[in-house]
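Text of input-v7.txt, listed as compact mmCIF, C-alpha atoms:
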```txt
# COMPACT_ATOMS: atom_id res chain seq x y z
CA MET V 1 -2.87 -24.53 -10.59
CA THR V 2 -1.88 -21.35 -12.46
CA THR V 3 1.09 -19.35 -11.22
CA GLU V 4 -1.25 -16.56 -10.07
CA LYS V 5 -3.34 -18.93 -8.02
CA SER V 6 -0.28 -20.59 -6.60
CA LEU V 7 1.10 -17.24 -5.39
CA ILE V 8 -2.22 -16.38 -3.74
CA ASP V 9 -2.46 -19.83 -2.19
CA SER V 10 0.94 -19.24 -0.54
CA ALA V 11 -0.22 -15.94 0.92
CA LEU V 12 -3.49 -17.37 2.22
CA ARG V 13 -1.63 -20.24 3.88
CA GLY V 14 0.64 -17.69 5.55
CA TRP V 15 -2.32 -15.70 6.78
CA GLN V 16 -4.08 -18.75 8.16
CA PHE V 17 -0.93 -20.09 9.81
CA ASN V 18 -0.48 -16.83 11.70
CA VAL V 19 -4.12 -16.51 12.70
CA GLU V 20 -3.93 -20.03 14.10
CA ARG V 21 -0.71 -19.21 15.92
CA ALA V 22 -2.50 -16.29 17.58
CA ASP V 23 -5.48 -18.57 18.35
CA LYS V 24 -3.20 -21.00 20.16
CA LEU V 25 -1.36 -18.29 22.01
CA PHE V 26 -4.34 -16.27 23.27
CA GLY V 27 -7.37 -18.53 22.91
CA ASP V 28 -6.84 -20.75 25.93
CA LEU V 29 -5.71 -18.13 28.40
CA SER V 30 -7.84 -17.12 31.36
CA ALA V 31 -8.93 -13.52 31.87
CA GLU V 32 -6.28 -13.34 34.58
CA GLN V 33 -3.48 -14.65 32.36
CA LEU V 34 -4.47 -12.15 29.67
CA GLU V 35 -3.66 -9.36 32.14
CA GLN V 36 0.02 -10.33 31.95
CA GLU V 37 2.40 -7.87 30.28
CA VAL V 38 4.62 -9.22 27.49
CA ALA V 39 7.58 -7.59 29.22
CA PRO V 40 7.78 -5.32 32.27
CA GLY V 41 5.89 -2.10 31.55
CA LYS V 42 4.84 -3.20 28.04
CA ASN V 43 1.45 -4.08 26.56
CA ARG V 44 -0.75 -6.66 28.24
CA LEU V 45 -1.72 -9.78 26.30
CA ILE V 46 -5.38 -8.69 26.29
CA TYR V 47 -4.36 -5.44 24.62
CA LEU V 48 -2.32 -7.16 21.92
CA TRP V 49 -5.15 -9.59 21.21
CA GLY V 50 -7.67 -6.76 21.02
CA HIS V 51 -5.29 -4.78 18.83
CA LEU V 52 -4.98 -7.67 16.37
CA ALA V 53 -8.75 -8.15 16.40
CA ALA V 54 -9.35 -4.44 15.73
CA VAL V 55 -6.84 -4.32 12.86
CA ASN V 56 -8.25 -7.50 11.31
CA ASP V 57 -11.77 -6.08 11.72
CA GLY V 58 -10.69 -3.02 9.75
CA LEU V 59 -9.69 -5.32 6.89
CA LEU V 60 -13.33 -6.21 6.30
CA SER V 61 -14.09 -2.72 5.03
CA MET V 62 -10.62 -1.99 3.65
CA LEU V 63 -10.77 -5.01 1.34
CA GLY V 64 -14.43 -4.41 0.47
CA ILE V 65 -15.61 -7.63 2.09
CA GLY V 66 -18.30 -6.04 4.22
CA GLU V 67 -19.10 -3.72 7.09
CA ARG V 68 -16.86 -3.76 10.13
CA LEU V 69 -18.15 -5.89 12.97
CA HIS V 70 -16.44 -4.10 15.88
CA PRO V 71 -15.49 -0.50 15.11
CA GLU V 72 -15.77 0.14 18.87
CA PHE V 73 -12.50 -1.80 19.30
CA ASP V 74 -10.46 1.02 17.77
CA GLY V 75 -10.74 3.34 20.76
CA MET V 76 -9.66 0.61 23.16
CA PHE V 77 -7.00 -1.11 21.10
CA ILE V 78 -5.65 1.18 18.36
CA SER V 79 -6.02 4.88 18.97
CA ASN V 80 -5.16 4.71 22.68
CA PRO V 81 -2.26 2.94 24.38
CA ASP V 82 -2.77 0.07 26.78
CA LYS V 83 -4.06 0.90 30.27
CA SER V 84 -5.22 4.40 29.27
CA VAL V 85 -8.83 3.42 28.55
CA GLN V 86 -11.18 1.14 30.46
CA LEU V 87 -11.82 -2.03 28.42
CA THR V 88 -15.52 -2.69 27.94
CA VAL V 89 -15.01 -6.09 26.36
CA SER V 90 -14.50 -9.29 28.35
CA ALA V 91 -11.92 -11.92 27.43
CA GLN V 92 -14.75 -14.22 26.45
CA SER V 93 -16.47 -11.76 24.13
CA LEU V 94 -13.11 -10.75 22.63
CA LYS V 95 -12.50 -14.40 21.77
CA ALA V 96 -15.90 -14.69 20.10
CA ALA V 97 -15.31 -11.44 18.18
CA TRP V 98 -11.84 -12.56 17.09
CA GLN V 99 -13.23 -15.79 15.70
CA GLU V 100 -16.13 -14.11 13.92
CA ILE V 101 -13.89 -11.46 12.34
CA ASN V 102 -11.44 -14.04 11.05
CA GLN V 103 -14.22 -16.29 9.80
CA ASN V 104 -15.75 -13.43 7.81
CA LEU V 105 -12.36 -12.47 6.40
CA TRP V 106 -11.64 -16.04 5.35
CA GLU V 107 -14.99 -16.31 3.55
CA GLY V 108 -14.30 -13.00 1.82
CA PHE V 109 -10.79 -14.01 0.80
CA ALA V 110 -12.14 -17.17 -0.83
CA LYS V 111 -14.27 -15.11 -3.22
CA PHE V 112 -11.43 -12.99 -4.64
CA SER V 113 -9.99 -13.89 -8.04
CA PRO V 114 -6.29 -13.22 -8.73
CA SER V 115 -7.18 -9.95 -10.44
CA ASP V 116 -9.39 -8.94 -7.47
CA TRP V 117 -6.33 -9.30 -5.25
CA ALA V 118 -4.34 -7.00 -7.53
CA GLN V 119 -7.06 -4.32 -7.39
CA ARG V 120 -6.95 -1.27 -5.16
CA HIS V 121 -8.21 -1.40 -1.61
CA THR V 122 -10.89 0.99 -0.43
CA ALA V 123 -8.53 3.33 1.45
CA VAL V 124 -6.78 4.45 -1.74
CA SER V 125 -8.40 6.64 -4.43
CA GLU V 126 -8.50 5.61 -8.09
CA GLN V 127 -6.20 8.48 -8.88
CA ASP V 128 -3.59 7.52 -6.28
CA PHE V 129 -3.82 3.89 -7.30
CA GLU V 130 -2.85 4.78 -10.85
CA ARG V 131 0.38 6.24 -9.55
CA GLU V 132 0.90 3.59 -6.86
CA PRO V 133 -0.49 0.29 -8.12
CA HIS V 134 1.13 -1.62 -5.27
CA ARG V 135 -1.55 -0.26 -2.94
CA ASN V 136 -3.71 -3.25 -3.68
CA ARG V 137 -5.54 -5.91 -1.67
CA PHE V 138 -2.68 -8.38 -1.89
CA THR V 139 -0.17 -5.94 -0.40
CA VAL V 140 -2.61 -5.35 2.45
CA LEU V 141 -3.03 -9.09 3.05
CA LEU V 142 0.73 -9.57 3.26
CA GLY V 143 1.17 -6.51 5.45
CA ARG V 144 -1.47 -7.63 7.91
CA THR V 145 0.04 -11.11 8.03
CA VAL V 146 3.34 -9.52 9.02
CA HIS V 147 1.50 -7.37 11.56
CA LEU V 148 0.05 -10.49 13.16
CA ALA V 149 3.47 -12.13 13.36
CA TYR V 150 5.10 -9.01 14.84
CA HIS V 151 2.77 -9.00 17.82
CA VAL V 152 2.52 -12.78 18.14
CA GLY V 153 6.30 -12.75 18.56
CA GLN V 154 5.90 -10.31 21.43
CA ALA V 155 3.04 -12.23 23.00
CA ALA V 156 5.12 -15.42 22.90
CA LEU V 157 7.58 -13.83 25.32
CA ALA V 158 4.91 -13.56 28.01
CA ARG V 159 3.39 -16.93 27.33
CA LEU V 160 6.63 -18.63 28.32
CA ASN V 161 6.36 -17.08 31.77
CA ALA V 162 2.85 -18.39 32.34
CA MET Q 163 2.22 -4.97 -14.92
CA THR Q 164 0.68 -8.44 -15.11
CA THR Q 165 -1.22 -9.79 -12.11
CA GLU Q 166 1.58 -12.31 -11.44
CA LYS Q 167 4.20 -9.60 -11.39
CA SER Q 168 2.05 -7.38 -9.24
CA LEU Q 169 1.65 -10.16 -6.64
CA ILE Q 170 5.41 -10.74 -6.56
CA ASP Q 171 6.09 -7.03 -6.33
CA SER Q 172 3.91 -6.88 -3.20
CA ALA Q 173 5.85 -9.71 -1.59
CA LEU Q 174 9.24 -8.20 -2.43
CA ARG Q 175 8.16 -4.85 -0.99
CA GLY Q 176 7.12 -6.65 2.19
CA TRP Q 177 10.46 -8.43 2.40
CA GLN Q 178 12.43 -5.24 1.88
CA PHE Q 179 10.34 -3.27 4.35
CA ASN Q 180 11.04 -5.81 7.06
CA VAL Q 181 14.75 -6.09 6.29
CA GLU Q 182 14.98 -2.31 6.56
CA ARG Q 183 13.05 -2.36 9.81
CA ALA Q 184 15.62 -4.80 11.20
CA ASP Q 185 18.44 -2.62 9.81
CA LYS Q 186 17.11 0.37 11.70
CA LEU Q 187 16.55 -1.56 14.88
CA PHE Q 188 19.90 -3.35 15.10
CA GLY Q 189 22.23 -1.51 12.76
CA ASP Q 190 23.01 1.53 14.89
CA LEU Q 191 23.36 -0.21 18.24
CA SER Q 192 26.71 -0.49 19.99
CA ALA Q 193 28.15 -3.87 20.93
CA GLU Q 194 27.11 -3.10 24.50
CA GLN Q 195 23.51 -2.25 23.57
CA LEU Q 196 23.30 -5.48 21.58
CA GLU Q 197 23.95 -7.39 24.80
CA GLN Q 198 20.56 -6.26 26.08
CA GLU Q 199 17.85 -8.92 26.51
CA VAL Q 200 14.49 -8.24 24.83
CA ALA Q 201 12.80 -9.10 28.13
CA PRO Q 202 14.23 -10.40 31.40
CA GLY Q 203 15.78 -13.82 30.84
CA LYS Q 204 14.98 -13.83 27.10
CA ASN Q 205 17.21 -13.65 24.03
CA ARG Q 206 19.75 -10.88 23.67
CA LEU Q 207 19.48 -8.51 20.70
CA ILE Q 208 22.78 -9.81 19.30
CA TYR Q 209 21.34 -13.33 19.29
CA LEU Q 210 18.15 -12.30 17.49
CA TRP Q 211 20.12 -10.39 14.89
CA GLY Q 212 22.48 -13.32 14.36
CA HIS Q 213 19.49 -15.66 14.20
CA LEU Q 214 17.86 -13.58 11.47
CA ALA Q 215 21.16 -13.37 9.59
CA ALA Q 216 21.65 -17.15 9.82
CA VAL Q 217 18.11 -17.90 8.62
CA ASN Q 218 18.40 -15.41 5.76
CA ASP Q 219 21.79 -16.89 4.84
CA GLY Q 220 20.13 -20.30 4.59
CA LEU Q 221 17.75 -18.85 2.00
CA LEU Q 222 20.62 -18.42 -0.45
CA SER Q 223 20.95 -22.18 -0.87
CA MET Q 224 17.30 -23.01 -0.19
CA LEU Q 225 16.13 -20.80 -3.05
CA GLY Q 226 18.99 -21.88 -5.32
CA ILE Q 227 20.57 -18.44 -5.46
CA GLY Q 228 24.04 -19.55 -4.46
CA GLU Q 229 26.24 -21.02 -1.78
CA ARG Q 230 25.68 -19.94 1.79
CA LEU Q 231 28.02 -17.19 2.97
CA HIS Q 232 27.98 -17.97 6.71
CA PRO Q 233 27.05 -21.55 7.53
CA GLU Q 234 29.09 -21.13 10.73
CA PHE Q 235 26.27 -18.91 12.09
CA ASP Q 236 23.97 -21.89 12.56
CA GLY Q 237 25.79 -23.26 15.59
CA MET Q 238 25.76 -19.90 17.32
CA PHE Q 239 22.32 -18.65 16.35
CA ILE Q 240 20.02 -21.52 15.32
CA SER Q 241 20.89 -24.93 16.72
CA ASN Q 242 21.85 -23.63 20.17
CA PRO Q 243 19.96 -21.25 22.43
CA ASP Q 244 21.33 -17.87 23.41
CA LYS Q 245 24.16 -17.78 25.96
CA SER Q 246 24.96 -21.48 25.56
CA VAL Q 247 27.74 -21.01 23.02
CA GLN Q 248 30.54 -18.46 22.87
CA LEU Q 249 29.91 -16.06 19.96
CA THR Q 250 32.92 -15.84 17.66
CA VAL Q 251 31.47 -12.99 15.59
CA SER Q 252 31.73 -9.33 16.59
CA ALA Q 253 28.84 -6.88 16.28
CA GLN Q 254 30.71 -5.16 13.48
CA SER Q 255 31.33 -8.30 11.44
CA LEU Q 256 27.74 -9.44 12.03
CA LYS Q 257 26.54 -6.16 10.57
CA ALA Q 258 28.72 -6.60 7.49
CA ALA Q 259 27.54 -10.20 7.08
CA TRP Q 260 23.89 -9.19 7.49
CA GLN Q 261 24.23 -6.59 4.75
CA GLU Q 262 26.08 -8.92 2.40
CA ILE Q 263 23.56 -11.73 2.86
CA ASN Q 264 20.60 -9.45 2.18
CA GLN Q 265 22.31 -7.86 -0.80
CA ASN Q 266 22.94 -11.28 -2.36
CA LEU Q 267 19.37 -12.34 -1.69
CA TRP Q 268 17.99 -9.19 -3.25
CA GLU Q 269 20.05 -9.66 -6.40
CA GLY Q 270 18.90 -13.28 -6.58
CA PHE Q 271 15.24 -12.33 -6.09
CA ALA Q 272 15.44 -9.87 -8.97
CA LYS Q 273 16.35 -12.67 -11.38
CA PHE Q 274 13.34 -14.90 -10.65
CA SER Q 275 10.42 -14.91 -13.07
CA PRO Q 276 6.89 -15.48 -11.72
CA SER Q 277 7.10 -19.15 -12.63
CA ASP Q 278 10.51 -19.44 -10.90
CA TRP Q 279 8.82 -18.24 -7.72
CA ALA Q 280 6.16 -20.94 -8.04
CA GLN Q 281 8.82 -23.66 -8.42
CA ARG Q 282 9.99 -25.94 -5.63
CA HIS Q 283 12.76 -24.90 -3.29
CA THR Q 284 15.85 -27.04 -2.88
CA ALA Q 285 14.81 -28.57 0.45
CA VAL Q 286 11.86 -30.42 -1.08
CA SER Q 287 12.18 -33.39 -3.46
CA GLU Q 288 10.48 -33.46 -6.88
CA GLN Q 289 8.28 -36.25 -5.64
CA ASP Q 290 7.15 -34.41 -2.51
CA PHE Q 291 6.61 -31.25 -4.51
CA GLU Q 292 4.16 -33.03 -6.78
CA ARG Q 293 2.01 -33.82 -3.78
CA GLU Q 294 2.63 -30.48 -2.01
CA PRO Q 295 3.03 -27.77 -4.67
CA HIS Q 296 2.79 -25.03 -2.06
CA ARG Q 297 6.34 -25.88 -0.98
CA ASN Q 298 7.69 -23.38 -3.46
CA ARG Q 299 10.04 -20.41 -3.39
CA PHE Q 300 7.25 -17.90 -2.93
CA THR Q 301 5.91 -19.62 0.18
CA VAL Q 302 9.44 -19.57 1.59
CA LEU Q 303 9.82 -15.85 0.83
CA LEU Q 304 6.57 -15.06 2.63
CA GLY Q 305 7.41 -17.35 5.53
CA ARG Q 306 10.81 -15.77 6.03
CA THR Q 307 9.30 -12.28 5.87
CA VAL Q 308 6.97 -13.29 8.69
CA HIS Q 309 9.93 -14.76 10.56
CA LEU Q 310 11.73 -11.42 10.34
CA ALA Q 311 8.69 -9.55 11.64
CA TYR Q 312 8.16 -12.00 14.51
CA HIS Q 313 11.62 -11.34 15.93
CA VAL Q 314 11.71 -7.64 15.02
CA GLY Q 315 8.57 -7.28 17.14
CA GLN Q 316 10.45 -8.83 20.05
CA ALA Q 317 13.57 -6.76 19.48
CA ALA Q 318 11.45 -3.59 19.45
CA LEU Q 319 10.54 -4.25 23.09
CA ALA Q 320 14.17 -3.94 24.17
CA ARG Q 321 14.91 -1.00 21.94
CA LEU Q 322 12.41 1.13 23.81
CA ASN Q 323 14.39 0.56 27.00
CA ALA Q 324 17.64 1.74 25.45
```

Produce structure tokens that represent the structure in this file.
Amino acid sequence: MTTEKSLIDSALRGWQFNVERADKLFGDLSAEQLEQEVAPGKNRLIYLWGHLAAVNDGLLSMLGIGERLHPEFDGMFISNPDKSVQLTVSAQSLKAAWQEINQNLWEGFAKFSPSDWAQRHTAVSEQDFEREPHRNRFTVLLGRTVHLAYHVGQAALARLNA
Amino acid sequence: MTTEKSLIDSALRGWQFNVERADKLFGDLSAEQLEQEVAPGKNRLIYLWGHLAAVNDGLLSMLGIGERLHPEFDGMFISNPDKSVQLTVSAQSLKAAWQEINQNLWEGFAKFSPSDWAQRHTAVSEQDFEREPHRNRFTVLLGRTVHLAYHVGQAALARLNA
């Protein structure tokens, strides 16, 4: 394996490890358990799961893999805080969406060459990218892996109370 | 910048971003504030900070950068749960240790070439590494970045109560 491919392999393993950690944490919980807050007065588990699903969904377009599957998640899970908007997605359909989003991402990731990873993502202009070449797909992959872990760490606090 | 270097640059930015996030979260808290639990009955902030410092300290030897600076942290912050062992480090000396550890890591990171990053870390044998080439320095860097974010996410829950 070339050094480039080895570096990308490490990052993809990290991504997958954290997606699976979220799967384990959220995937088997009942709708009732998902109503639990991670700490008193903080986000509910259902909100964190939806938030991660919405952010991952946004990666589909940001990395140029395809159209977003669930842009309607943003209003419920990103642009508004928990408990301020009525959720119109059930735990069951969130689980299905989560799996579909991550499946599509994984298939997209597999098609990128090392130089594709080092190319700009769709939210940065060509001009800006010339000045800031670190705004590439790989940086986004690593950042979203960290984002997953940040909230999985929070969700783990509630899980222990279950 | 070559693709290899670009990929490593992304990872180092991610590391630094998360170290700074921890700096901001823990660095300005008083000894009293650091006694706060992240959620009722969970780890105290001082424990999480010490835990991150201990794990980062372990990276110095694991990545072959140098001797560990604070192996005595392990008993307080890794091998025993919070509140089970008397802490013999003050908030002030933990802060100094945290900064020194991360400074030494950063200087060590700067010396690695792309192929150094793809080489095995010191906790894996040559023989095992042949079978499992992903057990390299870069995978460890990404894994420890995620580890930082996981606990910073938890610590952020307490911070909001301060």

Give me, as a list in words, all polymer residues having an atom no more than 7 Å from segment 55-63 of chain V, counting all atoms listed in the file and skipping those fewer than 5 positions away in the same chain.
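Non-adjacent residues within range: Arg68, Leu69, His70, Ile101, Leu105, His121, Thr122, Ala123 and Arg137 of chain V.
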
Using only C-alpha atoms, which protein or nucleic acid residues come within 9 Å of segment 142-156 of chain V? Drop anything in the same chain fewer than 2 positions from it, and give the result as a PDB file with C-alpha atoms, in the frame of the given file.
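File around_13.pdb, as written:
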```pdb
ATOM      1  CA  ALA V  11      -0.220 -15.940   0.920  1.00  0.00           C
ATOM      2  CA  LEU V  12      -3.490 -17.370   2.220  1.00  0.00           C
ATOM      3  CA  GLY V  14       0.640 -17.690   5.550  1.00  0.00           C
ATOM      4  CA  TRP V  15      -2.320 -15.700   6.780  1.00  0.00           C
ATOM      5  CA  GLN V  16      -4.080 -18.750   8.160  1.00  0.00           C
ATOM      6  CA  ASN V  18      -0.480 -16.830  11.700  1.00  0.00           C
ATOM      7  CA  VAL V  19      -4.120 -16.510  12.700  1.00  0.00           C
ATOM      8  CA  ARG V  21      -0.710 -19.210  15.920  1.00  0.00           C
ATOM      9  CA  ALA V  22      -2.500 -16.290  17.580  1.00  0.00           C
ATOM     10  CA  LEU V  25      -1.360 -18.290  22.010  1.00  0.00           C
ATOM     11  CA  PHE V  26      -4.340 -16.270  23.270  1.00  0.00           C
ATOM     12  CA  GLU V  37       2.400  -7.870  30.280  1.00  0.00           C
ATOM     13  CA  VAL V  38       4.620  -9.220  27.490  1.00  0.00           C
ATOM     14  CA  ALA V  39       7.580  -7.590  29.220  1.00  0.00           C
ATOM     15  CA  ARG V  44      -0.750  -6.660  28.240  1.00  0.00           C
ATOM     16  CA  LEU V  45      -1.720  -9.780  26.300  1.00  0.00           C
ATOM     17  CA  LEU V  48      -2.320  -7.160  21.920  1.00  0.00           C
ATOM     18  CA  TRP V  49      -5.150  -9.590  21.210  1.00  0.00           C
ATOM     19  CA  LEU V  52      -4.980  -7.670  16.370  1.00  0.00           C
ATOM     20  CA  VAL V  55      -6.840  -4.320  12.860  1.00  0.00           C
ATOM     21  CA  ASN V  56      -8.250  -7.500  11.310  1.00  0.00           C
ATOM     22  CA  LEU V  59      -9.690  -5.320   6.890  1.00  0.00           C
ATOM     23  CA  ARG V 137      -5.540  -5.910  -1.670  1.00  0.00           C
ATOM     24  CA  PHE V 138      -2.680  -8.380  -1.890  1.00  0.00           C
ATOM     25  CA  THR V 139      -0.170  -5.940  -0.400  1.00  0.00           C
ATOM     26  CA  VAL V 140      -2.610  -5.350   2.450  1.00  0.00           C
ATOM     27  CA  ALA V 158       4.910 -13.560  28.010  1.00  0.00           C
ATOM     28  CA  ARG V 159       3.390 -16.930  27.330  1.00  0.00           C
ATOM     29  CA  LEU V 160       6.630 -18.630  28.320  1.00  0.00           C
TER      30      LEU V 160
ATOM     31  CA  SER Q 172       3.910  -6.880  -3.200  1.00  0.00           C
ATOM     32  CA  ALA Q 173       5.850  -9.710  -1.590  1.00  0.00           C
ATOM     33  CA  GLY Q 176       7.120  -6.650   2.190  1.00  0.00           C
ATOM     34  CA  ASN Q 180      11.040  -5.810   7.060  1.00  0.00           C
ATOM     35  CA  LEU Q 304       6.570 -15.060   2.630  1.00  0.00           C
ATOM     36  CA  THR Q 307       9.300 -12.280   5.870  1.00  0.00           C
ATOM     37  CA  VAL Q 308       6.970 -13.290   8.690  1.00  0.00           C
ATOM     38  CA  HIS Q 309       9.930 -14.760  10.560  1.00  0.00           C
ATOM     39  CA  LEU Q 310      11.730 -11.420  10.340  1.00  0.00           C
ATOM     40  CA  ALA Q 311       8.690  -9.550  11.640  1.00  0.00           C
ATOM     41  CA  TYR Q 312       8.160 -12.000  14.510  1.00  0.00           C
ATOM     42  CA  HIS Q 313      11.620 -11.340  15.930  1.00  0.00           C
ATOM     43  CA  VAL Q 314      11.710  -7.640  15.020  1.00  0.00           C
ATOM     44  CA  GLY Q 315       8.570  -7.280  17.140  1.00  0.00           C
ATOM     45  CA  GLN Q 316      10.450  -8.830  20.050  1.00  0.00           C
ATOM     46  CA  ALA Q 317      13.570  -6.760  19.480  1.00  0.00           C
ATOM     47  CA  ALA Q 318      11.450  -3.590  19.450  1.00  0.00           C
ATOM     48  CA  LEU Q 319      10.540  -4.250  23.090  1.00  0.00           C
TER      49      LEU Q 319
END
```

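By all atoms listed in the file, and with residues fewer than 4 positions from segment 86-89 of chain V along its chain excluded, the set lying at most 10 Å from it is V:Ile46, V:Tyr47, V:Gly50, V:Glu72, V:Phe73, V:Gly75, V:Met76, V:Phe77, V:Asp82, V:Ser93, V:Leu94, V:Lys95, V:Ala97.
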
Between atom CA of Asn104 of chain V and atom CA of His134 of chain V - distance in Å to one decimal:
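Distance reported for this atom pair: 24.4 Å.
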
Restricting the calculation to all atoms listed in the file, which member of V:Leu141, V:Val124, V:Ala118, V:Leu7 is positioned closest to Trp106 of chain V?
V:Leu141

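Minimum atom-to-atom distance to Gln261 of chain Q, evaluated using all atoms listed in the file, belongs to Q:Ala215 out of Q:Leu196, Q:Ala215, Q:Ile170, Q:Ile227.
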
Test item: axis-aligned box, all listed atoms of segment 274-285 of chain Q, 4 Å on each side, centre and edges in Å rounded to one decimal, as AutoDock Vina command-line options:
```
--center_x 11.0 --center_y -21.7 --center_z -6.3 --size_x 17.7 --size_y 21.7 --size_z 21.5
```

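You can rank Q:Gln254, Q:Gln265, Q:Ser168, Q:Asn205 by their closest distance to chain V using all atoms listed in the file, and at the top of that list sits Q:Ser168.
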
For segment 255-262 of chain Q of the structure just presented, write all heavy atoms to a file, as a PDB file, in the first residue's frame.
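So part05.pdb came out as:
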```
ATOM      1  N   SER Q 255      -0.397  22.543  38.582  1.00  0.00           N
ATOM      2  CA  SER Q 255       0.685  21.726  38.023  1.00  0.00           C
ATOM      3  C   SER Q 255       0.159  20.835  36.900  1.00  0.00           C
ATOM      4  O   SER Q 255       0.898  20.514  35.962  1.00  0.00           O
ATOM      5  CB  SER Q 255       1.411  20.925  39.101  1.00  0.00           C
ATOM      6  OG  SER Q 255       0.516  20.175  39.862  1.00  0.00           O
ATOM      7  N   LEU Q 256      -1.131  20.490  36.949  1.00  0.00           N
ATOM      8  CA  LEU Q 256      -1.709  19.733  35.835  1.00  0.00           C
ATOM      9  C   LEU Q 256      -1.713  20.587  34.564  1.00  0.00           C
ATOM     10  O   LEU Q 256      -1.388  20.111  33.474  1.00  0.00           O
ATOM     11  CB  LEU Q 256      -3.136  19.279  36.175  1.00  0.00           C
ATOM     12  CG  LEU Q 256      -3.894  18.526  35.083  1.00  0.00           C
ATOM     13  CD1 LEU Q 256      -3.132  17.291  34.610  1.00  0.00           C
ATOM     14  CD2 LEU Q 256      -5.287  18.106  35.566  1.00  0.00           C
ATOM     15  N   LYS Q 257      -2.042  21.858  34.742  1.00  0.00           N
ATOM     16  CA  LYS Q 257      -2.048  22.761  33.582  1.00  0.00           C
ATOM     17  C   LYS Q 257      -0.657  22.866  32.958  1.00  0.00           C
ATOM     18  O   LYS Q 257      -0.502  22.803  31.734  1.00  0.00           O
ATOM     19  CB  LYS Q 257      -2.539  24.148  34.006  1.00  0.00           C
ATOM     20  CG  LYS Q 257      -2.638  25.133  32.845  1.00  0.00           C
ATOM     21  CD  LYS Q 257      -3.253  26.452  33.271  1.00  0.00           C
ATOM     22  CE  LYS Q 257      -3.334  27.415  32.088  1.00  0.00           C
ATOM     23  NZ  LYS Q 257      -4.128  28.605  32.401  1.00  0.00           N
ATOM     24  N   ALA Q 258       0.350  23.010  33.815  1.00  0.00           N
ATOM     25  CA  ALA Q 258       1.727  23.116  33.301  1.00  0.00           C
ATOM     26  C   ALA Q 258       2.132  21.819  32.597  1.00  0.00           C
ATOM     27  O   ALA Q 258       2.751  21.844  31.519  1.00  0.00           O
ATOM     28  CB  ALA Q 258       2.683  23.432  34.445  1.00  0.00           C
ATOM     29  N   ALA Q 259       1.757  20.682  33.189  1.00  0.00           N
ATOM     30  CA  ALA Q 259       2.095  19.386  32.588  1.00  0.00           C
ATOM     31  C   ALA Q 259       1.405  19.228  31.239  1.00  0.00           C
ATOM     32  O   ALA Q 259       2.022  18.816  30.244  1.00  0.00           O
ATOM     33  CB  ALA Q 259       1.684  18.258  33.526  1.00  0.00           C
ATOM     34  N   TRP Q 260       0.125  19.553  31.197  1.00  0.00           N
ATOM     35  CA  TRP Q 260      -0.668  19.487  29.966  1.00  0.00           C
ATOM     36  C   TRP Q 260       0.014  20.270  28.843  1.00  0.00           C
ATOM     37  O   TRP Q 260       0.162  19.791  27.721  1.00  0.00           O
ATOM     38  CB  TRP Q 260      -2.066  20.030  30.275  1.00  0.00           C
ATOM     39  CG  TRP Q 260      -2.940  20.352  29.099  1.00  0.00           C
ATOM     40  CD1 TRP Q 260      -3.214  21.594  28.618  1.00  0.00           C
ATOM     41  CD2 TRP Q 260      -3.670  19.430  28.278  1.00  0.00           C
ATOM     42  NE1 TRP Q 260      -4.074  21.498  27.557  1.00  0.00           N
ATOM     43  CE2 TRP Q 260      -4.365  20.184  27.317  1.00  0.00           C
ATOM     44  CE3 TRP Q 260      -3.795  18.044  28.263  1.00  0.00           C
ATOM     45  CZ2 TRP Q 260      -5.178  19.597  26.359  1.00  0.00           C
ATOM     46  CZ3 TRP Q 260      -4.602  17.451  27.295  1.00  0.00           C
ATOM     47  CH2 TRP Q 260      -5.278  18.216  26.357  1.00  0.00           C
ATOM     48  N   GLN Q 261       0.437  21.485  29.168  1.00  0.00           N
ATOM     49  CA  GLN Q 261       1.067  22.320  28.143  1.00  0.00           C
ATOM     50  C   GLN Q 261       2.408  21.752  27.697  1.00  0.00           C
ATOM     51  O   GLN Q 261       2.730  21.744  26.507  1.00  0.00           O
ATOM     52  CB  GLN Q 261       1.232  23.747  28.671  1.00  0.00           C
ATOM     53  CG  GLN Q 261      -0.134  24.451  28.780  1.00  0.00           C
ATOM     54  CD  GLN Q 261      -0.078  25.802  29.451  1.00  0.00           C
ATOM     55  OE1 GLN Q 261       0.831  26.071  30.237  1.00  0.00           O
ATOM     56  NE2 GLN Q 261      -1.055  26.653  29.175  1.00  0.00           N
ATOM     57  N   GLU Q 262       3.173  21.237  28.659  1.00  0.00           N
ATOM     58  CA  GLU Q 262       4.486  20.699  28.311  1.00  0.00           C
ATOM     59  C   GLU Q 262       4.358  19.440  27.454  1.00  0.00           C
ATOM     60  O   GLU Q 262       5.084  19.254  26.472  1.00  0.00           O
ATOM     61  CB  GLU Q 262       5.277  20.399  29.596  1.00  0.00           C
ATOM     62  CG  GLU Q 262       6.750  20.144  29.297  1.00  0.00           C
ATOM     63  CD  GLU Q 262       7.523  19.690  30.537  1.00  0.00           C
ATOM     64  OE1 GLU Q 262       6.901  19.564  31.622  1.00  0.00           O
ATOM     65  OE2 GLU Q 262       8.736  19.463  30.401  1.00  0.00           O
TER      66      GLU Q 262
END
```
